[in-house]
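Novice: Sharing final.cif, mmCIF, C-alpha atoms:
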data_data
#
loop_
_atom_site.label_atom_id
_atom_site.label_comp_id
_atom_site.auth_asym_id
_atom_site.auth_seq_id
_atom_site.Cartn_x
_atom_site.Cartn_y
_atom_site.Cartn_z
CA MET A 1 0.00 0.00 0.00
CA LEU A 2 1.32 3.40 -0.92
CA ARG A 3 1.77 5.83 1.91
CA THR A 4 1.02 9.52 1.64
CA PRO A 5 3.51 11.86 3.31
CA ALA A 6 2.25 13.46 6.50
CA THR A 7 2.90 16.82 4.89
CA ALA A 8 0.14 16.11 2.42
CA ARG A 9 -2.61 17.11 4.89
CA LEU A 10 -4.24 20.16 3.41
CA VAL A 11 -5.84 23.26 4.87
CA ALA A 12 -8.40 24.94 2.66
CA ALA A 13 -8.30 28.57 1.63
CA PRO A 14 -11.31 30.82 2.35
CA LEU A 15 -14.41 29.94 0.34
CA ALA A 16 -14.30 32.92 -1.98
CA THR A 17 -10.70 32.16 -2.99
CA VAL A 18 -10.68 30.67 -6.47
CA ALA A 19 -6.96 30.00 -6.82
CA LEU A 20 -6.86 26.60 -5.05
CA SER A 21 -3.09 26.88 -4.92
CA HIS A 22 -3.13 25.73 -1.30
CA ALA A 23 -3.67 22.07 -2.17
CA PRO A 24 -0.71 21.16 -4.35
CA ARG A 25 1.69 23.56 -2.61
CA LEU A 26 1.23 21.80 0.70
CA CYS A 27 1.36 18.35 -0.90
CA TYR A 28 4.38 18.76 -3.10
CA SER A 29 6.52 21.58 -4.41
CA THR A 30 5.07 23.17 -7.53
CA PRO A 31 7.40 22.84 -10.52
CA ALA A 32 8.91 25.92 -12.03
CA LYS A 33 7.13 27.19 -15.12
CA SER A 34 10.06 26.14 -17.26
CA ASP A 35 9.55 22.55 -16.04
CA LEU A 36 5.82 22.40 -16.82
CA PRO A 37 4.80 20.13 -19.72
CA LYS A 38 4.82 21.72 -23.13
CA GLY A 39 1.82 21.42 -25.39
CA PRO A 40 -1.76 20.41 -24.49
CA LEU A 41 -2.70 18.50 -21.36
CA HIS A 42 -4.25 15.13 -22.15
CA LEU A 43 -6.00 12.71 -19.79
CA LEU A 44 -6.50 9.25 -21.27
CA ALA A 45 -5.86 7.26 -18.09
CA LEU A 46 -5.27 8.22 -14.48
CA SER A 47 -1.73 6.92 -14.81
CA ASP A 48 -1.17 10.14 -16.80
CA LEU A 49 -1.40 12.01 -13.48
CA THR A 50 1.05 12.22 -10.62
CA ARG A 51 -0.30 11.95 -7.08
CA SER A 52 0.05 15.69 -6.78
CA ASP A 53 -1.93 16.18 -9.99
CA LEU A 54 -4.70 13.93 -8.68
CA TYR A 55 -4.85 15.80 -5.36
CA SER A 56 -5.01 19.11 -7.22
CA ILE A 57 -7.93 18.00 -9.43
CA LEU A 58 -9.88 16.65 -6.45
CA ALA A 59 -9.17 19.84 -4.49
CA THR A 60 -10.55 21.87 -7.39
CA ALA A 61 -13.66 19.69 -7.64
CA THR A 62 -14.23 19.99 -3.89
CA LYS A 63 -13.84 23.76 -4.05
CA PHE A 64 -16.15 24.22 -7.04
CA LYS A 65 -18.87 22.08 -5.49
CA ARG A 66 -18.76 24.01 -2.21
CA MET A 67 -18.69 27.36 -3.99
CA SER A 68 -21.73 26.45 -6.08
CA ARG A 69 -23.70 25.17 -3.08
CA SER A 70 -22.88 28.36 -1.18
CA GLY A 71 -23.88 30.69 -4.01
CA VAL A 72 -20.34 31.89 -4.70
CA PRO A 73 -19.82 32.55 -8.44
CA LEU A 74 -17.56 30.07 -10.18
CA PRO A 75 -14.53 31.34 -12.10
CA GLN A 76 -15.16 31.91 -15.78
CA SER A 77 -11.94 30.16 -16.68
CA LEU A 78 -13.35 28.71 -19.91
CA ALA A 79 -15.00 31.89 -21.23
CA GLY A 80 -14.94 31.91 -25.02
CA LYS A 81 -13.73 28.31 -25.22
CA HIS A 82 -15.41 25.39 -26.94
CA LEU A 83 -15.30 21.66 -26.22
CA ALA A 84 -16.04 18.97 -28.82
CA VAL A 85 -17.96 16.19 -27.02
CA ILE A 86 -17.62 13.07 -29.18
CA PHE A 87 -19.82 10.13 -28.17
CA THR A 88 -19.79 6.81 -29.99
CA LYS A 89 -21.63 5.41 -26.93
CA ARG A 90 -24.57 7.13 -25.27
CA SER A 91 -24.49 8.27 -21.63
CA THR A 92 -26.78 10.41 -19.48
CA ARG A 93 -24.35 11.38 -16.72
CA THR A 94 -21.24 11.95 -18.82
CA ARG A 95 -22.97 14.13 -21.39
CA VAL A 96 -24.96 16.25 -18.92
CA ALA A 97 -21.92 16.64 -16.65
CA ALA A 98 -19.72 17.78 -19.53
CA GLU A 99 -22.20 20.26 -20.97
CA THR A 100 -23.20 21.82 -17.65
CA SER A 101 -19.56 22.01 -16.56
CA MET A 102 -18.55 23.94 -19.64
CA HIS A 103 -21.52 26.30 -19.28
CA LEU A 104 -20.87 27.05 -15.61
CA LEU A 105 -17.23 27.95 -16.33
CA GLY A 106 -18.22 30.22 -19.21
CA GLY A 107 -17.51 27.82 -22.08
CA HIS A 108 -19.61 25.94 -24.61
CA ALA A 109 -19.88 22.22 -25.40
CA ILE A 110 -20.65 20.94 -28.90
CA PHE A 111 -22.15 17.44 -28.84
CA LEU A 112 -21.18 15.15 -31.72
CA SER A 113 -23.11 11.87 -31.87
CA PRO A 114 -22.34 8.94 -34.19
CA SER A 115 -24.69 10.49 -36.74
CA ASP A 116 -22.56 13.65 -36.70
CA ILE A 117 -19.10 12.11 -36.65
CA GLN A 118 -17.74 8.61 -37.23
CA LEU A 119 -14.16 8.25 -36.12
CA GLY A 120 -12.12 6.45 -38.74
CA VAL A 121 -15.11 5.77 -41.04
CA ASN A 122 -15.89 8.70 -43.32
CA GLU A 123 -12.79 10.55 -42.13
CA SER A 124 -9.65 9.23 -40.50
CA THR A 125 -9.15 9.78 -36.79
CA GLN A 126 -5.98 11.68 -37.62
CA ASP A 127 -7.86 14.09 -39.90
CA THR A 128 -10.63 14.52 -37.32
CA ALA A 129 -8.06 15.47 -34.69
CA LEU A 130 -6.37 17.96 -37.01
CA VAL A 131 -9.66 19.58 -38.04
CA LEU A 132 -11.11 19.84 -34.54
CA SER A 133 -7.86 21.29 -33.21
CA ARG A 134 -8.49 24.33 -35.41
CA LEU A 135 -12.14 24.69 -34.40
CA VAL A 136 -12.32 23.97 -30.65
CA HIS A 137 -10.17 24.21 -27.54
CA GLY A 138 -10.57 20.65 -26.28
CA ILE A 139 -11.87 17.18 -27.16
CA PHE A 140 -13.86 14.98 -24.76
CA ALA A 141 -14.26 11.58 -26.43
CA ARG A 142 -16.31 8.53 -25.41
CA VAL A 143 -15.21 5.68 -27.68
CA ASP A 144 -15.23 1.90 -28.01
CA ASN A 145 -11.54 1.43 -28.71
CA HIS A 146 -8.86 3.03 -26.54
CA GLY A 147 -6.69 3.14 -29.66
CA ASP A 148 -8.93 5.89 -31.05
CA LEU A 149 -8.00 8.09 -28.10
CA LEU A 150 -4.32 7.37 -28.62
CA GLN A 151 -4.65 8.53 -32.22
CA LEU A 152 -6.55 11.66 -31.20
CA ARG A 153 -3.85 12.49 -28.66
CA THR A 154 -1.09 11.93 -31.21
CA HIS A 155 -2.53 14.32 -33.76
CA ALA A 156 -4.49 16.90 -31.74
CA SER A 157 -2.97 20.20 -30.69
CA VAL A 158 -5.67 20.70 -28.02
CA PRO A 159 -6.33 18.68 -24.85
CA VAL A 160 -7.89 15.25 -25.34
CA VAL A 161 -9.79 13.82 -22.35
CA ASN A 162 -11.11 10.26 -22.15
CA ALA A 163 -14.86 10.21 -21.49
CA LEU A 164 -14.77 6.38 -21.62
CA SER A 165 -12.92 3.71 -23.56
CA ASP A 166 -12.80 -0.06 -23.38
CA ASP A 167 -9.68 0.13 -21.17
CA HIS A 168 -10.18 3.17 -18.94
CA HIS A 169 -12.85 5.46 -17.49
CA PRO A 170 -10.80 8.13 -15.66
CA THR A 171 -13.54 10.71 -15.08
CA GLN A 172 -15.75 8.05 -13.46
CA ALA A 173 -12.96 7.01 -11.09
CA LEU A 174 -12.34 10.66 -10.18
CA ALA A 175 -16.02 11.02 -9.26
CA ASP A 176 -15.83 7.81 -7.24
CA ALA A 177 -12.77 9.10 -5.38
CA LEU A 178 -14.52 12.36 -4.53
CA THR A 179 -17.61 10.43 -3.37
CA MET A 180 -15.60 8.16 -1.08
CA TYR A 181 -13.70 11.18 0.24
CA GLU A 182 -16.92 13.03 1.10
CA ALA A 183 -18.33 9.93 2.81
CA ALA A 184 -15.17 9.58 4.90
CA TRP A 185 -15.31 13.29 5.76
CA ARG A 186 -18.92 12.94 6.96
CA VAL A 187 -17.89 10.12 9.29
CA ASP A 188 -15.16 12.32 10.78
CA ASN A 189 -17.35 15.44 10.89
CA PRO A 190 -20.87 14.26 11.82
CA ALA A 191 -22.08 17.60 13.21
CA ALA A 192 -21.00 19.53 10.11
CA ALA A 193 -22.47 16.84 7.87
CA GLU A 194 -25.77 17.04 9.76
CA ARG A 195 -25.86 20.77 8.97
CA GLY A 196 -25.45 19.95 5.29
CA GLU A 197 -21.91 21.27 5.07
CA LEU A 198 -19.35 20.05 2.55
CA PRO A 199 -15.59 19.59 2.96
CA SER A 200 -13.75 22.90 2.79
CA GLY A 201 -10.70 21.33 1.19
CA PHE A 202 -9.14 18.05 0.15
CA ASP A 203 -7.22 16.12 2.82
CA ALA A 204 -5.00 13.64 1.01
CA ASN A 205 -4.64 11.48 4.12
CA LEU A 206 -8.33 10.91 4.78
CA LEU A 207 -8.72 7.91 2.47
CA GLN A 208 -5.35 6.36 3.20
CA GLY A 209 -5.71 2.74 4.33
CA ARG A 210 -9.44 2.53 3.60
CA LYS A 211 -10.59 -0.42 1.52
CA LEU A 212 -12.65 -0.55 -1.66
CA ALA A 213 -14.04 -3.96 -2.66
CA TRP A 214 -14.96 -4.39 -6.33
CA VAL A 215 -17.44 -7.19 -7.03
CA GLY A 216 -18.28 -7.78 -10.68
CA ASP A 217 -16.68 -7.37 -14.10
CA GLY A 218 -13.00 -6.40 -14.24
CA ASN A 219 -13.76 -3.66 -16.74
CA ASN A 220 -12.63 -0.13 -17.59
CA VAL A 221 -14.01 1.38 -14.36
CA CYS A 222 -12.23 -1.30 -12.37
CA HIS A 223 -8.98 -0.48 -14.19
CA SER A 224 -9.25 3.23 -13.39
CA LEU A 225 -10.17 2.58 -9.76
CA MET A 226 -7.03 0.47 -9.41
CA THR A 227 -5.00 3.55 -10.26
CA VAL A 228 -6.93 6.01 -8.12
CA CYS A 229 -6.82 3.73 -5.08
CA GLY A 230 -3.09 3.31 -5.44
CA LYS A 231 -2.49 7.05 -5.70
CA LEU A 232 -4.70 7.74 -2.68
CA GLY A 233 -3.08 5.05 -0.55
CA MET A 234 -6.25 2.95 -0.47
CA VAL A 235 -6.50 -0.83 -0.51
CA MET A 236 -8.52 -2.40 -3.34
CA SER A 237 -9.70 -5.98 -3.64
CA ILE A 238 -11.31 -7.35 -6.79
CA ALA A 239 -13.68 -10.31 -7.16
CA THR A 240 -14.66 -11.41 -10.66
CA PRO A 241 -15.81 -14.65 -12.25
CA PRO A 242 -13.07 -16.65 -13.98
CA GLY A 243 -12.32 -15.12 -17.35
CA TYR A 244 -13.73 -11.70 -16.41
CA GLY A 245 -10.84 -10.24 -14.43
CA PRO A 246 -9.02 -6.99 -15.18
CA LYS A 247 -6.61 -7.07 -18.10
CA PRO A 248 -3.30 -8.61 -16.95
CA SER A 249 -1.32 -5.94 -18.81
CA ILE A 250 -3.08 -3.15 -16.90
CA VAL A 251 -2.72 -4.98 -13.57
CA ALA A 252 1.00 -5.38 -14.26
CA ASP A 253 1.32 -1.69 -15.10
CA GLU A 254 -0.48 -0.61 -11.93
CA MET A 255 1.10 -3.02 -9.44
CA MET A 256 -1.27 -1.59 -6.84
CA VAL A 257 -3.89 -4.32 -6.33
CA PRO A 258 -3.29 -6.50 -3.27
CA MET A 259 -5.82 -9.21 -4.14
CA ILE A 260 -7.72 -10.50 -7.16
CA THR A 261 -10.05 -13.39 -6.44
CA HIS A 262 -13.01 -15.27 -7.88
CA HIS A 263 -14.76 -15.31 -4.50
CA PRO A 264 -16.81 -12.22 -3.53
CA LEU A 265 -16.69 -13.01 0.20
CA GLU A 266 -12.88 -12.83 0.15
CA ALA A 267 -12.89 -9.45 -1.54
CA LEU A 268 -15.54 -7.99 0.77
CA ARG A 269 -13.75 -8.72 4.04
CA GLY A 270 -13.18 -5.48 5.96
CA ALA A 271 -14.34 -3.20 3.11
CA ASP A 272 -15.22 0.45 3.77
CA TYR A 273 -16.79 0.73 0.31
CA VAL A 274 -18.32 -1.79 -2.08
CA SER A 275 -18.60 -1.08 -5.80
CA THR A 276 -19.95 -2.87 -8.84
CA ASP A 277 -20.93 -2.05 -12.40
CA CYS A 278 -22.97 -3.37 -15.30
CA TRP A 279 -22.47 -7.03 -16.07
CA ILE A 280 -23.57 -6.46 -19.65
CA SER A 281 -22.29 -3.21 -21.15
CA MET A 282 -23.23 -1.65 -24.47
CA GLY A 283 -21.96 -3.88 -27.26
CA GLN A 284 -22.08 -7.03 -25.11
CA GLU A 285 -25.78 -7.79 -25.54
CA LYS A 286 -25.06 -10.99 -27.51
CA GLU A 287 -23.17 -12.29 -24.47
CA SER A 288 -26.04 -11.62 -22.04
CA VAL A 289 -27.03 -15.25 -21.38
CA GLU A 290 -23.44 -16.36 -20.94
CA ARG A 291 -22.59 -13.41 -18.72
CA ARG A 292 -25.59 -13.79 -16.43
CA LYS A 293 -24.62 -17.41 -15.91
CA ALA A 294 -20.99 -16.51 -15.20
CA PHE A 295 -21.93 -13.76 -12.71
CA ASP A 296 -24.29 -15.93 -10.69
CA GLY A 297 -23.38 -15.34 -7.04
CA PHE A 298 -21.89 -11.89 -7.67
CA LYS A 299 -25.06 -9.87 -7.04
CA VAL A 300 -24.43 -7.41 -4.20
CA THR A 301 -26.96 -8.04 -1.45
CA ARG A 302 -27.19 -7.31 2.26
CA SER A 303 -26.64 -10.98 2.93
CA LEU A 304 -23.51 -11.12 0.77
CA MET A 305 -22.06 -8.00 2.40
CA ARG A 306 -22.83 -9.33 5.87
CA GLN A 307 -21.32 -12.73 5.12
CA GLY A 308 -18.27 -11.04 3.61
CA GLY A 309 -17.72 -9.01 6.74
CA VAL A 310 -17.77 -5.47 5.37
CA LYS A 311 -17.43 -2.69 7.90
CA ASP A 312 -20.49 -1.25 9.58
CA LYS A 313 -22.23 1.27 7.31
CA ALA A 314 -19.97 0.44 4.36
CA GLY A 315 -20.82 2.71 1.45
CA PHE A 316 -22.12 1.30 -1.83
CA LEU A 317 -21.17 2.66 -5.26
CA HIS A 318 -22.43 1.95 -8.78
CA CYS A 319 -21.56 4.12 -11.77
CA LEU A 320 -25.03 3.54 -13.34
CA PRO A 321 -27.14 2.63 -15.17
CA ARG A 322 -28.00 -0.19 -12.78
CA LYS A 323 -29.75 -3.49 -13.47
CA LYS A 324 -31.37 -5.47 -10.65
CA ASP A 325 -29.19 -8.48 -11.51
CA GLU A 326 -26.18 -6.57 -10.16
CA VAL A 327 -27.46 -5.24 -6.82
CA ASP A 328 -30.72 -5.57 -4.93
CA ASP A 329 -32.96 -2.69 -3.88
CA ASP A 330 -32.14 -3.08 -0.19
CA VAL A 331 -28.55 -2.06 -0.92
CA PHE A 332 -29.08 0.27 -3.88
CA TYR A 333 -31.69 2.47 -2.17
CA SER A 334 -30.30 2.19 1.36
CA LYS A 335 -29.03 5.08 3.48
CA ASP A 336 -25.50 3.75 2.90
CA SER A 337 -25.85 3.97 -0.87
CA LEU A 338 -23.65 6.68 -2.39
CA VAL A 339 -24.85 6.33 -5.98
CA TRP A 340 -26.65 9.68 -6.24
CA GLU A 341 -23.73 11.67 -4.83
CA GLN A 342 -21.51 9.63 -7.13
CA ALA A 343 -23.60 10.61 -10.16
CA GLU A 344 -23.54 14.30 -9.18
CA ASN A 345 -19.80 14.21 -8.66
CA ARG A 346 -19.29 13.37 -12.32
CA LYS A 347 -20.09 17.04 -12.88
CA TRP A 348 -17.66 18.49 -10.35
CA THR A 349 -14.75 16.27 -11.31
CA ILE A 350 -15.24 16.75 -15.06
CA MET A 351 -15.50 20.48 -14.39
CA ALA A 352 -12.20 20.37 -12.51
CA VAL A 353 -10.49 18.44 -15.32
CA MET A 354 -11.67 20.92 -17.96
CA HIS A 355 -10.71 23.89 -15.78
CA HIS A 356 -7.16 22.60 -15.48
CA ALA A 357 -6.73 21.21 -19.00
CA MET A 358 -8.39 24.02 -20.97
CA GLY A 359 -8.30 26.96 -18.58
CA VAL A 360 -5.19 26.81 -16.40
CA GLY A 361 -3.05 24.73 -18.76
CA SER A 362 -1.61 22.78 -15.86
CA TRP A 363 -2.83 20.13 -13.43
CA GLN A 364 -1.41 22.37 -10.72
CA GLU A 365 -3.20 25.62 -9.89
#
For this file, write the structure as C-alpha cells.
Specialist:
Amino acid sequence: MLRTPATARLVAAPLATVALSHAPRLCYSTPAKSDLPKGPLHLLALSDLTRSDLYSILATATKFKRMSRSGVPLPQSLAGKHLAVIFTKRSTRTRVAAETSMHLLGGHAIFLSPSDIQLGVNESTQDTALVLSRLVHGIFARVDNHGDLLQLRTHASVPVVNALSDDHHPTQALADALTMYEAAWRVDNPAAAERGELPSGFDANLLQGRKLAWVGDGNNVCHSLMTVCGKLGMVMSIATPPGYGPKPSIVADEMMVPMITHHPLEALRGADYVSTDCWISMGQEKESVERRKAFDGFKVTRSLMRQGGVKDKAGFLHCLPRKKDEVDDDVFYSKDSLVWEQAENRKWTIMAVMHHAMGVGSWQE
C-alpha cells in the first residue's frame, strides 16, 4: 500500500478564494514554469497524473462544489472556449456533466453523436483530430476502442480527455474518489455533515488505508479505480468470475492491487466501500445469457455484504445505469448507498479536469 507523506494534509483557503493553490503547494513543491509540460494537457488514463496532480484536481472539484452550493460565483476560466464532445456510446451522466460544466465555467460544449461524426469511417481519426484542433479548444471523447483516443492524442494540438474507452474510465474514477472522500469526511465530521456542510478542502490522508471492494466485471471502471486507489493510498480488492478479471497488462502496469479473487466473500472482508458495475455493457448484448450465468453469485446483497464481513455502514457505489441483476434494492436504495452523490460528482470532477486542462493549462493551480 502506498503511503502519503504526513505533509500532504491540506488546509483549505477561504471559500471565496478561487486559486486553489493551497492544495498542491502543501502536498508537493510546484514545478517551475520552465519545467511544466509543453503542449496540451491530455488525460486518457489516471496513470497520466502524478499523485500531486490527482490531489489538485480533487481539491478543485471539492472547491467548485462548495462554492456552487454556497452561491459563490464560479470562475469563468473557460470563457470563449469550446469543447467537442464526441460520443460513440450514449451516456446520461457523462454528457450532462460535460455540458453543464462547460456552461458554468463560461464555455460551450458541442455534442457530436455517431450520426454527426464517425471516427475512422468517413474521415480518419488523424484528420478529425487535425480539423477539430483548429475549431475547438478541447476534445472529450467517449469511444469503443482506446486506440482511437491514442490517435486523437497523437494528432491533436488541443487537450484530449477520455470520457470512456474499453480500457479506462478516468472521469468516473475521479467522481468515485470524490464520493468516497466526502463519505469519509462525513464520518469524521458528523455535526457539520448534519448541517449539510461540505468539505472545505481536500485532505490527502483521509482515504489512506481505507478499503474498496470491487465485485463484478473487471472492466474499464475497475482499471481506473485500481490507479486512483493506489495514488490515494487505499486498498482495493477485486472479485470477478473466472475469465472476467481486469486485463493482466493493466494490472502489471499498476502493481497496486493486493488481491484478485473469484470469491466475492474474500474481496468484501473489511471493506469500507463496495462497488460494482454493469455485467452487460453496451456492445455485449449478444453475451447476455453467458454473462448472467458466469456472474451468478456476484449480485451485491445485504446478505452477501454481511457474510463477507464489510465494515459497519460500508458505502455502496455503482456508476449507473443499474440493473437489478447486479445489486438488490435493499442495498441500492439504502441510506448507505452513495450512488446519487456519485452521479452528481461526475459534474464536479469533469469540471475540474476541464478547468485545469483548458483553462489553467496545468494540473497544478
Novice: Work out how far apart atom CA of Asp312 of chain A and atom CA of Ala271 of chain A are and give it in Å to one decimal.
Specialist: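 Going from atom CA of Asp312 of chain A over to atom CA of Ala271 of chain A covers 9.1 Å.
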Novice: Let me make sure I understand: among A:Ser237, A:Asn219, A:Gln118, A:Gln151, which one has the smallest atom-to-atom distance to Leu130 of chain A if we use all atoms listed in the file?
Specialist: A:Gln151
Novice: Could you write out as a compact mmCIF listing (two decimals) with C-alpha atoms, keeping the file's coordinate frame the residues that the PyMOL selection byres ((chain A and resi 126-128) around 10) matches in the shown file?
Specialist:
# COMPACT_ATOMS: atom_id res chain seq x y z
CA ILE A 117 -19.10 12.11 -36.65
CA GLN A 118 -17.74 8.61 -37.23
CA LEU A 119 -14.16 8.25 -36.12
CA GLY A 120 -12.12 6.45 -38.74
CA ASN A 122 -15.89 8.70 -43.32
CA GLU A 123 -12.79 10.55 -42.13
CA SER A 124 -9.65 9.23 -40.50
CA THR A 125 -9.15 9.78 -36.79
CA ALA A 129 -8.06 15.47 -34.69
CA LEU A 130 -6.37 17.96 -37.01
CA VAL A 131 -9.66 19.58 -38.04
CA LEU A 132 -11.11 19.84 -34.54
CA SER A 133 -7.86 21.29 -33.21
CA ASP A 148 -8.93 5.89 -31.05
CA GLN A 151 -4.65 8.53 -32.22
CA LEU A 152 -6.55 11.66 -31.20
CA ARG A 153 -3.85 12.49 -28.66
CA THR A 154 -1.09 11.93 -31.21
CA HIS A 155 -2.53 14.32 -33.76
CA ALA A 156 -4.49 16.90 -31.74
Novice: Considering only C-alpha atoms, return as a list of chain:residue names whatever protein or nucleic-acid residues lie within 9 Å of Thr92 of chain A, sequence-local ones (same chain, fewer than 4 positions apart) excluded.
Specialist: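 Final neighbour list, sorted by chain and number: A:Val96, A:Ala97, A:Pro321.
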Novice: State, in Å with one decimal place, the distance from atom CA of Ala352 of chain A to atom CA of Lys313 of chain A.
Specialist: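 So the answer is 29.3 Å.
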Novice: Report as CSV the residues of segment 102-205 of chain A within 8 Å of segment 55-72 of chain A, each with its shortest atom pair and distance in Å (one decimal), using all atoms listed in the file, ordered by chain and increasing residue number.
Specialist:
residue,atom,partner,partner_atom,distance
A:Leu174,CA,A:Leu58,CA,7.5
A:Leu178,CA,A:Leu58,CA,6.6
A:Leu198,CA,A:Arg66,CA,6.2
A:Pro199,CA,A:Thr62,CA,7.0
A:Ser200,CA,A:Lys63,CA,6.9
A:Gly201,CA,A:Ala59,CA,6.1
A:Phe202,CA,A:Ala59,CA,5.0
A:Ala204,CA,A:Tyr55,CA,6.7
Novice: Given the file above and the PyMOL selection byres ((chain A and resi 225) around 9), which residues are selected, and can you give them as a PDB file with C-alpha atoms, keeping the file's coordinate frame?
Specialist:
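What ended up in expr.pdb:
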ATOM      1  CA  LEU A  46      -5.270   8.220 -14.480  1.00  0.00           C
ATOM      2  CA  HIS A 169     -12.850   5.460 -17.490  1.00  0.00           C
ATOM      3  CA  PRO A 170     -10.800   8.130 -15.660  1.00  0.00           C
ATOM      4  CA  GLN A 172     -15.750   8.050 -13.460  1.00  0.00           C
ATOM      5  CA  ALA A 173     -12.960   7.010 -11.090  1.00  0.00           C
ATOM      6  CA  LEU A 174     -12.340  10.660 -10.180  1.00  0.00           C
ATOM      7  CA  ASP A 176     -15.830   7.810  -7.240  1.00  0.00           C
ATOM      8  CA  ALA A 177     -12.770   9.100  -5.380  1.00  0.00           C
ATOM      9  CA  ASN A 220     -12.630  -0.130 -17.590  1.00  0.00           C
ATOM     10  CA  VAL A 221     -14.010   1.380 -14.360  1.00  0.00           C
ATOM     11  CA  CYS A 222     -12.230  -1.300 -12.370  1.00  0.00           C
ATOM     12  CA  HIS A 223      -8.980  -0.480 -14.190  1.00  0.00           C
ATOM     13  CA  SER A 224      -9.250   3.230 -13.390  1.00  0.00           C
ATOM     14  CA  MET A 226      -7.030   0.470  -9.410  1.00  0.00           C
ATOM     15  CA  THR A 227      -5.000   3.550 -10.260  1.00  0.00           C
ATOM     16  CA  VAL A 228      -6.930   6.010  -8.120  1.00  0.00           C
ATOM     17  CA  CYS A 229      -6.820   3.730  -5.080  1.00  0.00           C
ATOM     18  CA  GLY A 230      -3.090   3.310  -5.440  1.00  0.00           C
ATOM     19  CA  MET A 236      -8.520  -2.400  -3.340  1.00  0.00           C
TER      20      MET A 236
END
Novice: Name the residues within 10 Å of (-30.8, -1.0, -4.0), counting all atoms listed in the file in the file's coordinates, and put them as a list of chain:residue names.
Specialist: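 Residues close enough to count: A:Val300, A:Thr301, A:Arg302, A:Phe316, A:Arg322, A:Lys323, A:Lys324, A:Glu326, A:Val327, A:Asp328, A:Asp329, A:Asp330, A:Val331, A:Phe332, A:Tyr333, A:Ser334, A:Lys335, A:Asp336, A:Ser337, A:Val339.
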Novice: Write out the residues from the selection above, keeping C-alpha atoms, as a CSV table (one decimal), in the frame of the given file.
Specialist:
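Contents of the output file again-v1.csv:
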chain,number,residue,atom,x,y,z
A,300,VAL,CA,-24.4,-7.4,-4.2
A,301,THR,CA,-27.0,-8.0,-1.4
A,302,ARG,CA,-27.2,-7.3,2.3
A,316,PHE,CA,-22.1,1.3,-1.8
A,322,ARG,CA,-28.0,-0.2,-12.8
A,323,LYS,CA,-29.8,-3.5,-13.5
A,324,LYS,CA,-31.4,-5.5,-10.6
A,326,GLU,CA,-26.2,-6.6,-10.2
A,327,VAL,CA,-27.5,-5.2,-6.8
A,328,ASP,CA,-30.7,-5.6,-4.9
A,329,ASP,CA,-33.0,-2.7,-3.9
A,330,ASP,CA,-32.1,-3.1,-0.2
A,331,VAL,CA,-28.6,-2.1,-0.9
A,332,PHE,CA,-29.1,0.3,-3.9
A,333,TYR,CA,-31.7,2.5,-2.2
A,334,SER,CA,-30.3,2.2,1.4
A,335,LYS,CA,-29.0,5.1,3.5
A,336,ASP,CA,-25.5,3.8,2.9
A,337,SER,CA,-25.8,4.0,-0.9
A,339,VAL,CA,-24.8,6.3,-6.0
Novice: Looking at only C-alpha atoms, which of A:Ala267, A:Val160, A:Val353, A:Ile280 is the one that sits closest to Leu304 of chain A?
Specialist: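 The closest residue to Leu304 of chain A is A:Ala267.
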Novice: Would you please work out which residue, of A:Ala343, A:Ala184, A:Ala98, A:Val235, is nearest to Val161 of chain A when using all atoms listed in the file?
Specialist: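 When distances to Val161 of chain A are compared using all atoms listed in the file, the smallest one comes from A:Ala98.
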Novice: Could you please determine the separation between atom CA of Arg210 of chain A and atom CA of Met180 of chain A in Å, to one decimal place?
Specialist: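 Straight-line distance from atom CA of Arg210 of chain A to atom CA of Met180 of chain A works out to 9.6 Å.
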Novice: Please enumerate the residues selected by the PyMOL selection byres ((chain A and resi 239-249) around 10) when evaluated against the supplied file, formatted as a PyMOL selection string.
Specialist: chain A and resi 167+213-223+226+237-238+250-254+259-268+276+279+291+293-298
Novice: Looking at only C-alpha atoms, which of A:Val121, A:Leu207, A:Leu212, A:Leu78 is the one that sits closest to Ser101 of chain A?
Specialist: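 Nearest to Ser101 of chain A: A:Leu78.
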Novice: Could you check the closest approach to His42 of chain A for each of A:Gly308, A:Gly138, A:Gly270, A:Gly147 and tell me which residue wins, using all atoms listed in the file?
Specialist: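 Closest candidate: A:Gly138.
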Novice: Leaving out Asp53 of chain A and any residue of its chain fewer than 3 positions from it, which residues lie within 8 Å of it when counting all atoms listed in the file, given as a list in words?
Specialist: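 Surrounding residues, per the criterion: Pro24, Leu49, Thr50, Ser56, Ile57, Trp363 and Gln364 of chain A.
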Novice: Write the residues of the selection above to a file with C-alpha atoms, as an mmCIF file, in the coordinates of the input.
Specialist:
data_model
loop_
_atom_site.group_PDB
_atom_site.id
_atom_site.type_symbol
_atom_site.label_atom_id
_atom_site.label_comp_id
_atom_site.auth_asym_id
_atom_site.auth_seq_id
_atom_site.Cartn_x
_atom_site.Cartn_y
_atom_site.Cartn_z
ATOM 1 C CA PRO A 24 -0.710 21.160 -4.350
ATOM 2 C CA LEU A 49 -1.400 12.010 -13.480
ATOM 3 C CA THR A 50 1.050 12.220 -10.620
ATOM 4 C CA SER A 56 -5.010 19.110 -7.220
ATOM 5 C CA ILE A 57 -7.930 18.000 -9.430
ATOM 6 C CA TRP A 363 -2.830 20.130 -13.430
ATOM 7 C CA GLN A 364 -1.410 22.370 -10.720
#
